Structure formats: C-alpha cells, structure tokens
$ cat query-v5.txt   # compact mmCIF, C-alpha atoms
# COMPACT_ATOMS: atom_id res chain seq x y z
CA GLU A 1 115.90 136.39 66.37
CA ILE A 2 112.59 138.08 67.16
CA GLY A 3 113.89 139.52 70.42
CA GLU A 4 117.26 140.30 68.87
CA LEU A 5 119.00 138.58 71.79
CA THR A 6 122.76 138.54 71.63
CA ALA A 7 125.65 137.18 73.72
CA ASN A 8 129.33 137.94 73.85
CA PRO A 9 131.29 135.05 72.27
CA THR A 10 134.64 136.30 73.58
CA GLY A 11 136.25 135.58 76.93
CA ARG A 12 135.93 132.63 79.30
CA ALA A 13 132.84 130.56 78.77
CA LYS A 14 129.95 130.19 81.19
CA GLY A 15 126.97 127.92 80.79
CA ILE A 16 124.32 125.76 82.40
CA VAL A 17 124.37 121.98 82.87
CA LEU A 18 121.23 120.51 81.28
CA GLU A 19 121.93 116.84 81.94
CA ALA A 20 124.68 114.59 83.25
CA GLN A 21 125.24 110.87 83.03
CA LEU A 22 127.91 108.21 83.40
CA ASP A 23 128.80 106.89 79.96
CA ILE A 24 130.55 103.51 79.78
CA GLY A 25 133.91 104.10 78.11
CA ARG A 26 133.70 107.89 78.34
CA GLY A 27 133.16 108.44 82.05
CA PRO A 28 131.12 111.39 83.33
CA VAL A 29 129.48 113.32 80.50
CA ALA A 30 127.63 116.62 80.92
CA THR A 31 125.28 118.19 78.40
CA VAL A 32 125.88 121.94 78.56
CA LEU A 33 124.30 125.02 77.04
CA VAL A 34 126.83 127.83 76.70
CA ASP A 35 125.35 131.28 77.38
CA LYS A 36 128.47 133.44 77.42
CA GLY A 37 131.94 133.22 75.88
CA THR A 38 133.30 130.24 73.95
CA LEU A 39 134.03 126.83 75.45
CA LYS A 40 137.08 125.18 73.93
CA VAL A 41 138.81 121.82 74.09
CA GLY A 42 141.52 121.98 76.77
CA ASP A 43 139.76 124.59 78.95
CA PRO A 44 139.94 123.96 82.73
CA ILE A 45 136.38 123.96 84.05
CA VAL A 46 134.26 123.69 87.18
CA ALA A 47 130.73 122.32 86.93
CA GLY A 48 128.96 122.37 90.29
CA ALA A 49 131.27 120.44 92.60
CA ALA A 50 133.02 118.63 89.72
CA TRP A 51 136.10 119.89 87.92
CA GLY A 52 138.31 118.86 85.02
CA LYS A 53 139.81 119.75 81.70
CA VAL A 54 137.68 119.63 78.56
CA ARG A 55 138.86 116.49 76.77
CA ALA A 56 136.29 116.58 73.98
CA LEU A 57 133.21 118.46 72.82
CA ILE A 58 130.40 116.71 70.93
CA ASN A 59 127.61 118.63 69.19
CA ASP A 60 123.98 117.61 68.74
CA LYS A 61 124.87 115.62 65.58
CA GLY A 62 127.39 113.45 67.41
CA GLN A 63 130.36 115.19 65.81
CA GLN A 64 133.44 116.22 67.73
CA ILE A 65 134.09 119.95 67.60
CA LYS A 66 136.87 122.16 68.94
CA GLU A 67 134.73 124.94 70.42
CA ALA A 68 131.16 125.88 71.31
CA GLY A 69 129.76 129.39 71.39
CA PRO A 70 126.68 130.98 73.02
CA SER A 71 123.32 129.15 72.72
CA MET A 72 125.06 126.02 71.47
CA PRO A 73 124.25 122.74 73.27
CA VAL A 74 127.25 120.48 73.57
CA ARG A 75 128.32 117.35 75.47
CA VAL A 76 131.44 117.86 77.56
CA LEU A 77 133.90 115.06 78.38
CA GLY A 78 136.73 115.25 80.91
CA ILE A 79 135.03 116.22 84.19
CA SER A 80 135.82 114.44 87.45
CA GLY A 81 132.23 113.70 88.50
CA LEU A 82 128.58 114.20 87.69
CA PRO A 83 127.18 117.71 88.26
CA ASN A 84 123.48 118.30 88.86
CA ALA A 85 121.10 119.71 86.29
CA GLY A 86 121.06 123.48 86.67
CA ASP A 87 124.64 123.74 87.96
CA GLU A 88 126.76 126.45 86.40
CA ILE A 89 129.80 125.48 84.35
CA VAL A 90 132.64 128.01 84.36
CA VAL A 91 136.02 128.12 82.65
CA MET A 92 138.79 128.80 85.20
CA GLU A 93 142.28 130.27 84.88
CA SER A 94 144.04 126.96 85.45
CA GLU A 95 143.43 123.33 86.43
CA LYS A 96 144.79 124.11 89.90
CA SER A 97 142.25 126.86 90.54
CA ALA A 98 139.48 124.64 89.18
CA ARG A 99 140.47 121.80 91.54
CA ILE A 100 140.68 124.13 94.56
CA LEU A 101 137.22 125.60 93.90
CA SER A 102 135.79 122.11 93.45
CA GLU A 103 137.29 120.93 96.76
CA GLU A 104 135.88 123.98 98.55
CA ARG A 105 132.40 123.29 97.20
CA ILE A 106 132.61 119.62 98.22
CA ALA A 107 133.73 120.63 101.73
CA ASP A 108 130.88 123.15 102.01
CA SER A 109 128.35 120.51 100.94
CA ARG A 110 129.73 118.02 103.47
CA ASP A 111 129.58 120.59 106.28
CA THR A 112 125.99 121.43 105.40
CA LYS A 113 124.95 117.76 105.58
CA LEU A 114 126.76 117.22 108.86
CA SER A 115 125.27 120.32 110.46
CA GLY A 116 121.80 119.10 109.54
CA ALA A 117 122.21 115.92 111.62
CA GLN A 118 121.75 117.21 115.17
CA ARG A 119 122.86 115.01 118.06
CA THR A 120 120.36 114.21 120.79
CA THR A 121 120.85 116.25 123.96
CA LEU A 122 118.81 116.62 127.13
CA GLU A 123 117.47 119.90 125.75
CA ASN A 124 116.16 118.44 122.47
CA LEU A 125 115.31 114.93 123.71
CA PHE A 126 111.58 115.50 124.06
CA ALA A 127 111.44 117.35 120.75
CA ASN A 128 113.06 114.35 119.05
CA LEU A 129 110.65 111.96 120.72
CA ALA A 130 107.72 114.03 119.51
CA SER A 131 109.08 114.11 115.95
CA ASP A 132 109.60 110.34 115.99
CA ALA A 133 105.90 109.78 116.64
CA LYS A 134 105.43 109.57 112.86
CA PRO A 135 107.50 106.77 111.26
CA THR A 136 110.01 107.80 108.60
CA LEU A 137 111.34 105.80 105.67
CA LYS A 138 114.73 107.19 104.65
CA ILE A 139 115.99 106.65 101.11
CA ILE A 140 119.24 107.27 99.23
CA LEU A 141 118.43 107.49 95.51
CA LYS A 142 120.92 106.95 92.67
CA CYS A 143 119.94 107.05 88.97
CA ASP A 144 121.62 106.80 85.59
CA VAL A 145 120.72 110.28 84.32
CA GLN A 146 119.32 113.50 85.75
CA GLY A 147 116.05 113.05 83.89
CA SER A 148 115.44 109.68 85.52
CA LEU A 149 116.39 111.12 88.91
CA GLU A 150 113.80 113.87 88.59
CA ALA A 151 111.13 111.41 87.39
CA VAL A 152 111.71 108.93 90.23
CA THR A 153 111.92 111.70 92.83
CA GLY A 154 108.67 113.22 91.60
CA SER A 155 106.90 109.84 91.68
CA LEU A 156 108.12 109.15 95.22
CA LYS A 157 106.89 112.52 96.43
CA ASP A 158 103.44 111.73 94.99
CA ILE A 159 103.05 108.78 97.39
CA PRO A 160 100.62 109.76 100.19
CA GLN A 161 102.52 110.57 103.38
CA LYS A 162 99.76 111.11 105.93
CA LYS A 163 100.95 108.27 108.15
CA ILE A 164 104.51 107.66 106.93
CA THR A 165 107.12 110.30 106.10
CA LEU A 166 109.29 109.55 103.07
CA ASP A 167 112.66 111.28 103.39
CA ILE A 168 115.04 111.25 100.40
CA ILE A 169 118.18 112.16 102.34
CA HIS A 170 120.47 112.04 99.31
CA SER A 171 119.92 111.79 95.55
CA ALA A 172 122.46 111.91 92.74
CA VAL A 173 123.38 110.59 89.31
CA GLY A 174 125.93 107.80 89.00
CA PRO A 175 126.78 104.39 90.43
CA ILE A 176 126.19 103.41 94.05
CA THR A 177 129.45 104.06 95.87
CA GLU A 178 130.94 103.12 99.23
CA SER A 179 130.20 106.62 100.54
CA ASP A 180 126.50 106.04 99.76
CA VAL A 181 126.63 102.84 101.82
CA MET A 182 128.30 104.57 104.76
CA LEU A 183 125.73 107.36 104.67
CA SER A 184 122.98 104.73 104.60
CA SER A 185 124.52 102.92 107.57
CA ALA A 186 124.77 106.13 109.59
CA SER A 187 121.24 107.30 108.81
CA ASN A 188 119.46 103.91 108.70
CA ALA A 189 118.37 104.46 105.09
CA VAL A 190 117.64 102.12 102.17
CA ILE A 191 119.61 102.62 98.95
CA ILE A 192 117.52 102.66 95.77
CA GLY A 193 119.27 102.39 92.40
CA PHE A 194 117.51 102.99 89.07
CA ASN A 195 119.26 101.87 85.88
CA THR A 196 122.61 102.11 87.63
CA LYS A 197 125.13 99.69 89.09
CA THR A 198 126.79 99.06 92.44
CA GLU A 199 130.56 99.43 92.69
CA ASN A 200 132.39 96.38 94.06
CA THR A 201 133.62 98.30 97.10
CA ALA A 202 130.06 99.47 97.78
CA ALA A 203 128.68 95.92 97.56
CA GLN A 204 131.31 94.70 100.02
CA ALA A 205 130.60 97.59 102.39
CA ALA A 206 126.84 96.96 102.18
CA LYS A 207 127.36 93.33 103.15
CA ARG A 208 129.62 94.35 106.01
CA GLU A 209 127.30 97.09 107.32
CA GLY A 210 124.04 95.24 106.72
CA VAL A 211 122.76 97.91 104.33
CA GLN A 212 120.02 97.04 101.84
CA ILE A 213 120.55 98.00 98.19
CA LYS A 214 117.57 97.67 95.83
CA LEU A 215 118.14 97.99 92.07
CA TYR A 216 115.38 98.63 89.53
CA SER A 217 115.07 99.16 85.79
CA ILE A 218 111.34 100.03 85.72
CA ILE A 219 110.07 103.08 87.61
CA TYR A 220 106.68 101.49 88.29
CA ASN A 221 108.26 98.53 90.09
CA ALA A 222 110.39 100.82 92.24
CA ILE A 223 107.47 103.02 93.28
CA GLU A 224 105.18 100.06 94.06
CA GLU A 225 107.79 98.31 96.21
CA ILE A 226 108.62 101.49 98.12
CA LYS A 227 104.92 102.11 98.68
CA SER A 228 104.56 98.55 99.98
CA ALA A 229 107.50 99.13 102.32
CA MET A 230 105.82 102.27 103.64
CA GLU A 231 102.60 100.34 104.23
CA GLY A 232 104.58 97.68 106.07
CA MET A 233 106.00 100.28 108.44
CA LEU A 234 102.53 101.18 109.64
CA GLU A 235 101.44 99.42 112.80
CA PRO A 236 98.83 96.81 111.85
CA LYS A 237 95.21 97.61 112.52
CA ILE A 238 93.40 95.21 114.86
CA GLU A 239 90.05 94.04 113.53
CA GLU A 240 87.48 92.06 115.51
CA LYS A 241 85.46 89.21 114.04
CA ILE A 242 82.43 88.01 116.02
CA VAL A 243 82.52 84.20 116.00
CA ALA A 244 79.68 83.33 118.39
CA ASN A 245 76.82 84.65 120.52
CA VAL A 246 76.01 82.60 123.59
CA GLU A 247 72.91 83.19 125.74
CA VAL A 248 72.94 82.64 129.51
CA ARG A 249 69.86 80.57 130.48
CA GLU A 250 70.74 79.43 134.01
CA VAL A 251 73.13 80.76 136.67
CA TYR A 252 74.62 78.58 139.41
CA LYS A 253 76.50 80.39 142.16
CA PHE A 254 79.17 78.62 144.20
CA ASP A 255 81.66 79.88 146.77
CA LYS A 256 84.55 80.22 144.33
CA ALA A 257 82.81 80.73 141.00
CA THR A 258 79.62 81.48 139.14
CA VAL A 259 78.75 78.90 136.50
CA ALA A 260 76.44 79.81 133.63
CA GLY A 261 74.35 77.28 131.78
CA CYS A 262 74.31 78.58 128.23
CA TYR A 263 73.01 77.96 124.72
CA VAL A 264 75.06 78.80 121.61
CA LEU A 265 72.79 80.98 119.49
CA ASP A 266 75.10 81.19 116.46
CA GLY A 267 78.64 80.50 115.42
CA LYS A 268 81.12 78.49 117.46
CA ILE A 269 82.64 79.47 120.79
CA SER A 270 86.16 78.28 121.59
CA ARG A 271 88.04 78.06 124.84
CA ASN A 272 90.62 80.64 123.72
CA ASN A 273 88.19 83.24 122.32
CA LYS A 274 88.13 86.75 123.72
CA ILE A 275 84.70 87.65 125.07
CA ARG A 276 82.40 90.44 126.30
CA ILE A 277 79.24 90.24 128.36
CA ILE A 278 76.30 92.06 126.75
CA ARG A 279 73.32 92.98 128.95
CA ASP A 280 70.22 94.63 127.47
CA GLY A 281 72.17 95.43 124.31
CA ILE A 282 74.96 97.25 126.20
CA VAL A 283 78.45 96.01 127.07
CA GLU A 284 78.36 95.16 130.77
CA TYR A 285 81.88 93.77 131.16
CA PRO A 286 84.58 94.73 130.56
CA LYS A 287 83.70 98.34 129.83
CA GLY A 288 85.93 100.56 127.75
CA GLU A 289 86.85 100.69 124.06
CA GLY A 290 88.84 97.69 122.88
CA GLN A 291 88.56 95.85 126.22
CA SER A 292 87.92 92.12 126.48
CA THR A 293 88.12 89.24 128.93
CA GLU A 294 88.51 85.45 128.73
CA LEU A 295 86.65 82.30 129.62
CA GLY A 296 87.64 80.66 132.86
CA SER A 297 86.29 77.30 131.69
CA LEU A 298 84.14 75.76 128.97
CA LYS A 299 82.34 72.44 129.42
CA ARG A 300 79.93 70.10 127.67
CA PHE A 301 78.10 68.37 130.50
CA LYS A 302 80.94 67.46 132.92
CA ASP A 303 83.74 67.32 130.35
CA ASP A 304 86.08 70.16 129.38
CA ALA A 305 85.53 71.30 125.81
CA LYS A 306 87.76 73.16 123.37
CA GLU A 307 84.76 74.46 121.42
CA VAL A 308 80.97 74.28 121.27
CA ASN A 309 78.98 74.73 118.06
CA GLN A 310 75.70 76.50 117.32
CA GLY A 311 72.62 74.77 118.71
CA TYR A 312 74.38 73.08 121.62
CA GLU A 313 74.32 73.76 125.33
CA CYS A 314 77.41 74.36 127.44
CA GLY A 315 78.56 75.49 130.86
CA LEU A 316 81.15 78.20 131.34
CA THR A 317 82.78 80.59 133.78
CA ILE A 318 84.23 84.06 133.17
CA LYS A 319 87.60 85.14 134.51
CA ASN A 320 87.28 87.78 137.24
CA PHE A 321 83.52 88.19 136.76
CA ASN A 322 80.78 86.55 138.82
CA ASP A 323 77.77 88.81 138.23
CA LEU A 324 76.26 86.80 135.39
CA ARG A 325 72.49 86.97 134.95
CA VAL A 326 69.92 85.05 132.97
CA GLY A 327 69.46 86.72 129.59
CA ASP A 328 73.04 87.97 129.34
CA VAL A 329 74.69 87.35 125.97
CA ILE A 330 78.33 86.36 125.82
CA GLU A 331 79.85 87.74 122.63
CA ALA A 332 82.89 85.74 121.52
CA PHE A 333 85.30 87.24 119.00
CA GLU A 334 88.74 86.86 117.44
CA GLU A 335 91.26 89.60 116.76
CA THR A 336 93.22 89.69 113.53
CA GLU A 337 95.94 92.05 112.36
CA VAL A 338 95.20 93.87 109.11
CA LYS A 339 97.94 95.78 107.30
CA ARG A 340 97.10 99.45 107.07
CA THR A 341 97.21 101.15 103.70
CA LEU A 342 98.40 104.63 102.93

$ encode --input "query-v5.txt" --output "structure tokens"
Amino acid sequence: EIGELTANPTGRAKGIVLEAQLDIGRGPVATVLVDKGTLKVGDPIVAGAAWGKVRALINDKGQQIKEAGPSMPVRVLGISGLPNAGDEIVVMESEKSARILSEERIADSRDTKLSGAQRTTLENLFANLASDAKPTLKIILKCDVQGSLEAVTGSLKDIPQKKITLDIIHSAVGPITESDVMLSSASNAVIIGFNTKTENTAAQAAKREGVQIKLYSIIYNAIEEIKSAMEGMLEPKIEEKIVANVEVREVYKFDKATVAGCYVLDGKISRNNKIRIIRDGIVEYPKGEGQSTELGSLKRFKDDAKEVNQGYECGLTIKNFNDLRVGDVIEAFEETEVKRTL
C-alpha cells in the first residue's frame, strides 16, 4: 500500500512456489504465491519440472476457493510431482502443452546430470587420481518438505570438510524412489531420508543393489551420524605409547649375533614390542621418522621370555643390528590406531 504496488489480475497466472510437500491422501501439494494474473481451478499448469491440472485451491484459512489473484498465497493440488522452492508456476494453453514442457525440462535435467559424470580416459586419469586424494562421502538427500530440506542441507554444509569432502549429489522433496536407489548404486552414495518414507520398489532395489538407506526424524541425529561416518572415512592416526626403557649394561659379541645384558629401567618389555636404540639421547637405529625394529630374542637367564618387568635383568638381541654399546637405551613401544576427528 505504501509503495502503491499493483499487479494485473487478468490473463494467465504466473507465480512462485514457496513450499512443496507430499500430503497423504492429497498427493503432491505446492504452496504458491501468485504475482500476475488469476489462478483458477481447472487451469493446466507447469511448476518447475512438474505439470498437472489444478484440482483444488486452498487459501490460508484452509478453505477451498475457485481462484487466486495476485499476492494471494494458496495451496495447489493436482500437480504430478514436487517442484522446488523458487520454481515458477505458469498456466499453459492446454494440458498437452503443459506435459510437453514438463517432459522437456525433465530431459534437460537428466542430460545435465549425465554430462557432469565424466568417464575416466587416459587423458584425465591422472587428474582423477589427484582429485581422489581427498576422500568423498556422497549423499542423496530426501525430505518431507522444502523447509526441512534446506535446514538439513545447511546443517550438513556446516560440518568441517578439511579432510573429508561431503558431496550432496541429489536432494529433493518426497519419498525415496527406485530412481534414487539406482542413482546411489551408480555413484556409490548413501541415501538419507528425513521424515519421509521408502517406496516398496525402492526398498527392494536397495536390497538387490546393496544400497544403504538411512531414515531419520530428528535433524540432530542425522547430522551426528553423518559426521561420525565422515570421521570413520579418515585413515586412523597411529599413536605410539612408550611401554619400557631398557638400559644396556654388558655387550657380548659372538660370530652370528651380539647379545646385550640389560636392565629394565621402567615399564615392561615384551617380545613383540617395536623398539628403537637410543644413544646419548638421540635415535641411533633405525633412523627416520616413524621407523622401528624388533627384538631378535628376549631371555631371562637361559630361558626365553615373553616379557620382563621393571627392576629385572634380561638378555636380548636386535634384528639386523649388532652395534650395541654399553649405555645404550632400548626404547620399547606399542602402536595403536586412533580415529581422526574432523
């Protein structure tokens, strides 16, 4: 009123889809704001890639009406599928022209998706290998309404992706269909459903193709589980835990081996521990980050031992190393895998 904005209420209607959802008993329902012309019951329409004939119009009070003019929000029943928020809804000349335009848009969308999936060739092989250096979690997302879809998508994009790439290859409103399963099978993606259901044919196809379908009703649970999956895709980090320090106090050299008489300063050394030889506070063998060697033998007096505790003496040999000296410290450690976090 302040800006004295006006719109022409005559002619074929045009508008914008605000929301779309699958209503049990009514089928696909789109909430539309008309911005030009008048939308009437019986009009043939195209909304995004969906088409149909207006079967009913429902105003904001839940009442059925026969027509909706400019700036009037209204729920439209009778469309073939679920358009996306922001799609334009247009009244066509006939149902035939509406169906043809819808089929053309669907074909264009399919061609665009197919053209995006480039086959590996000799020319792009090394480029693909380089791009695969960073793991990717692919997701197909289906939700009950457009608002939920935007909320879940936004939450997923907020997950840190420094080490894992999260790729939502397809997102839409509606039930999980067989085509979603086939797309998942072809792209090695996980199907995530929020407040939606899985069609019987889709469930059968998922079982046949080995595709995972995860259904959620709480956004927090969905985000946490996806984040956990992304953490699981990271290669585990190897952490070292020092379990013993053993001092060399005597060295006995033989033709085939060098035997060290040792004293366990702390901890407990085991036959299967990984070890390093420390000399004057510096790693003497094996040199290099992350390198280690193994014990050739571990004895208590003349008997083989699986382990020797702190405060006891032992005799030992080192695999592929004979240059042991009095005063050397044998550092024994264990390696454990720790799951990386994002």

$ atom_distance --input "query-v5.txt" --atom1 "atom CA of Ala205 of chain A" --atom2 "atom CA of His170 of chain A"
17.9 Å

$ closest_residue --input "query-v5.txt" --among "A:Asp43, A:Glu289, A:Asp255, A:Glu209" --to "Val90 of chain A" --atoms "all atoms listed in the file"
A:Asp43

$ closest_residue --input "query-v5.txt" --among "A:Val173, A:Val251, A:Ile164, A:Met182" --to "Lys138 of chain A" --atoms "all atoms listed in the file"
A:Ile164

$ residues_around --input "query-v5.txt" --residues "Pro9 of chain A" --least-positions-apart "2" --cutoff "10 Å" --atoms "only C-alpha atoms" --output "list of chain:residue names"
A:Thr6, A:Ala7, A:Gly11, A:Arg12, A:Ala13, A:Val34, A:Asp35, A:Lys36, A:Gly37, A:Thr38, A:Leu39, A:Ala68, A:Gly69, A:Pro70, A:Ser71

$ write_last_selection --input "query-v5.txt" --atoms "C-alpha atoms" --output "compact mmCIF listing (two decimals), in the coordinates of the input"
# COMPACT_ATOMS: atom_id res chain seq x y z
CA THR A 6 122.76 138.54 71.63
CA ALA A 7 125.65 137.18 73.72
CA GLY A 11 136.25 135.58 76.93
CA ARG A 12 135.93 132.63 79.30
CA ALA A 13 132.84 130.56 78.77
CA VAL A 34 126.83 127.83 76.70
CA ASP A 35 125.35 131.28 77.38
CA LYS A 36 128.47 133.44 77.42
CA GLY A 37 131.94 133.22 75.88
CA THR A 38 133.30 130.24 73.95
CA LEU A 39 134.03 126.83 75.45
CA ALA A 68 131.16 125.88 71.31
CA GLY A 69 129.76 129.39 71.39
CA PRO A 70 126.68 130.98 73.02
CA SER A 71 123.32 129.15 72.72

$ atom_distance --input "query-v5.txt" --atom1 "atom CA of Ala222 of chain A" --atom2 "atom CA of Ser184 of chain A"
18.1 Å

$ closest_residue --input "query-v5.txt" --among "A:Ile223, A:Val76, A:Lys299, A:Lys268" --to "Ala151 of chain A" --atoms "only C-alpha atoms"
A:Ile223

$ atom_distance --input "query-v5.txt" --atom1 "atom CA of Lys253 of chain A" --atom2 "atom CA of Lys319 of chain A"
14.3 Å

$ residues_around --input "query-v5.txt" --residues "Pro44 of chain A" --least-positions-apart "3" --cutoff "6 Å" --atoms "only C-alpha atoms" --output "list in words"
Gly52, Lys53, Val91, Met92, Ser94 and Glu95 of chain A

$ residues_around --input "query-v5.txt" --residues "Asn188 of chain A" --least-positions-apart "4" --cutoff "12 Å" --atoms "all atoms listed in the file" --output "PyMOL selection string"
chain A and resi 136-140+167-169+180-184+209-212

$ closest_residue --input "query-v5.txt" --among "A:Val248, A:Pro28, A:Met72, A:Ile89" --to "Arg55 of chain A" --atoms "only C-alpha atoms"
A:Pro28

$ closest_residue --input "query-v5.txt" --among "A:Ile278, A:Gly261, A:Ala49, A:Gly154" --to "Lys302 of chain A" --atoms "only C-alpha atoms"
A:Gly261

$ closest_residue --input "query-v5.txt" --among "A:Lys274, A:Lys14, A:Lys66, A:Arg75" --to "Val29 of chain A" --atoms "all atoms listed in the file"
A:Arg75

$ residues_around --input "query-v5.txt" --residues "Val326 of chain A" --least-positions-apart "6" --cutoff "12 Å" --atoms "all atoms listed in the file" --output "NGL selection string"
:A and (246-252 or 259-263 or 277-280)

$ residues_around --input "query-v5.txt" --residues "Arg208 of chain A" --least-positions-apart "5" --cutoff "12 Å" --atoms "all atoms listed in the file" --output "ChimeraX atom specification"
/A:178,181-182,185,201-203

$ decode --input "query-v5.txt" --residues "segment 292-307 of chain A" --atoms "N, CA and C atoms" --output "short mmCIF file (atom, residue, chain, number, x, y, z; two decimals), in the first residue's frame"
data_model
loop_
_atom_site.label_atom_id
_atom_site.label_comp_id
_atom_site.auth_asym_id
_atom_site.auth_seq_id
_atom_site.Cartn_x
_atom_site.Cartn_y
_atom_site.Cartn_z
N SER A 292 61.02 -48.24 13.05
CA SER A 292 61.19 -49.08 14.24
C SER A 292 61.80 -50.41 13.81
N THR A 293 62.27 -51.16 14.79
CA THR A 293 62.77 -52.50 14.54
C THR A 293 62.19 -53.43 15.60
N GLU A 294 62.68 -54.70 15.62
CA GLU A 294 62.12 -55.68 16.53
C GLU A 294 63.23 -56.41 17.28
N LEU A 295 62.85 -57.03 18.37
CA LEU A 295 63.77 -57.87 19.11
C LEU A 295 64.01 -59.18 18.35
N GLY A 296 65.26 -59.62 18.37
CA GLY A 296 65.55 -60.93 17.81
C GLY A 296 65.26 -62.02 18.82
N SER A 297 65.54 -61.71 20.10
CA SER A 297 65.28 -62.66 21.19
C SER A 297 65.19 -61.89 22.49
N LEU A 298 64.53 -62.52 23.48
CA LEU A 298 64.42 -61.94 24.82
C LEU A 298 64.52 -63.09 25.82
N LYS A 299 65.45 -63.00 26.75
CA LYS A 299 65.68 -64.11 27.67
C LYS A 299 65.81 -63.61 29.11
N ARG A 300 65.41 -64.51 30.03
CA ARG A 300 65.69 -64.35 31.45
C ARG A 300 66.61 -65.50 31.81
N PHE A 301 67.88 -65.16 32.09
CA PHE A 301 68.92 -66.16 32.26
C PHE A 301 69.03 -66.96 30.95
N LYS A 302 68.80 -68.25 30.95
CA LYS A 302 68.94 -69.04 29.72
C LYS A 302 67.59 -69.35 29.07
N ASP A 303 66.51 -68.91 29.71
CA ASP A 303 65.18 -69.26 29.20
C ASP A 303 64.59 -68.12 28.39
N ASP A 304 63.87 -68.49 27.31
CA ASP A 304 63.14 -67.50 26.52
C ASP A 304 62.04 -66.88 27.39
N ALA A 305 61.84 -65.60 27.21
CA ALA A 305 60.80 -64.90 27.98
C ALA A 305 59.88 -64.12 27.05
N LYS A 306 58.60 -64.10 27.41
CA LYS A 306 57.64 -63.30 26.65
C LYS A 306 57.70 -61.84 27.06
N GLU A 307 58.05 -61.61 28.34
CA GLU A 307 58.10 -60.23 28.84
C GLU A 307 58.99 -60.18 30.08
#
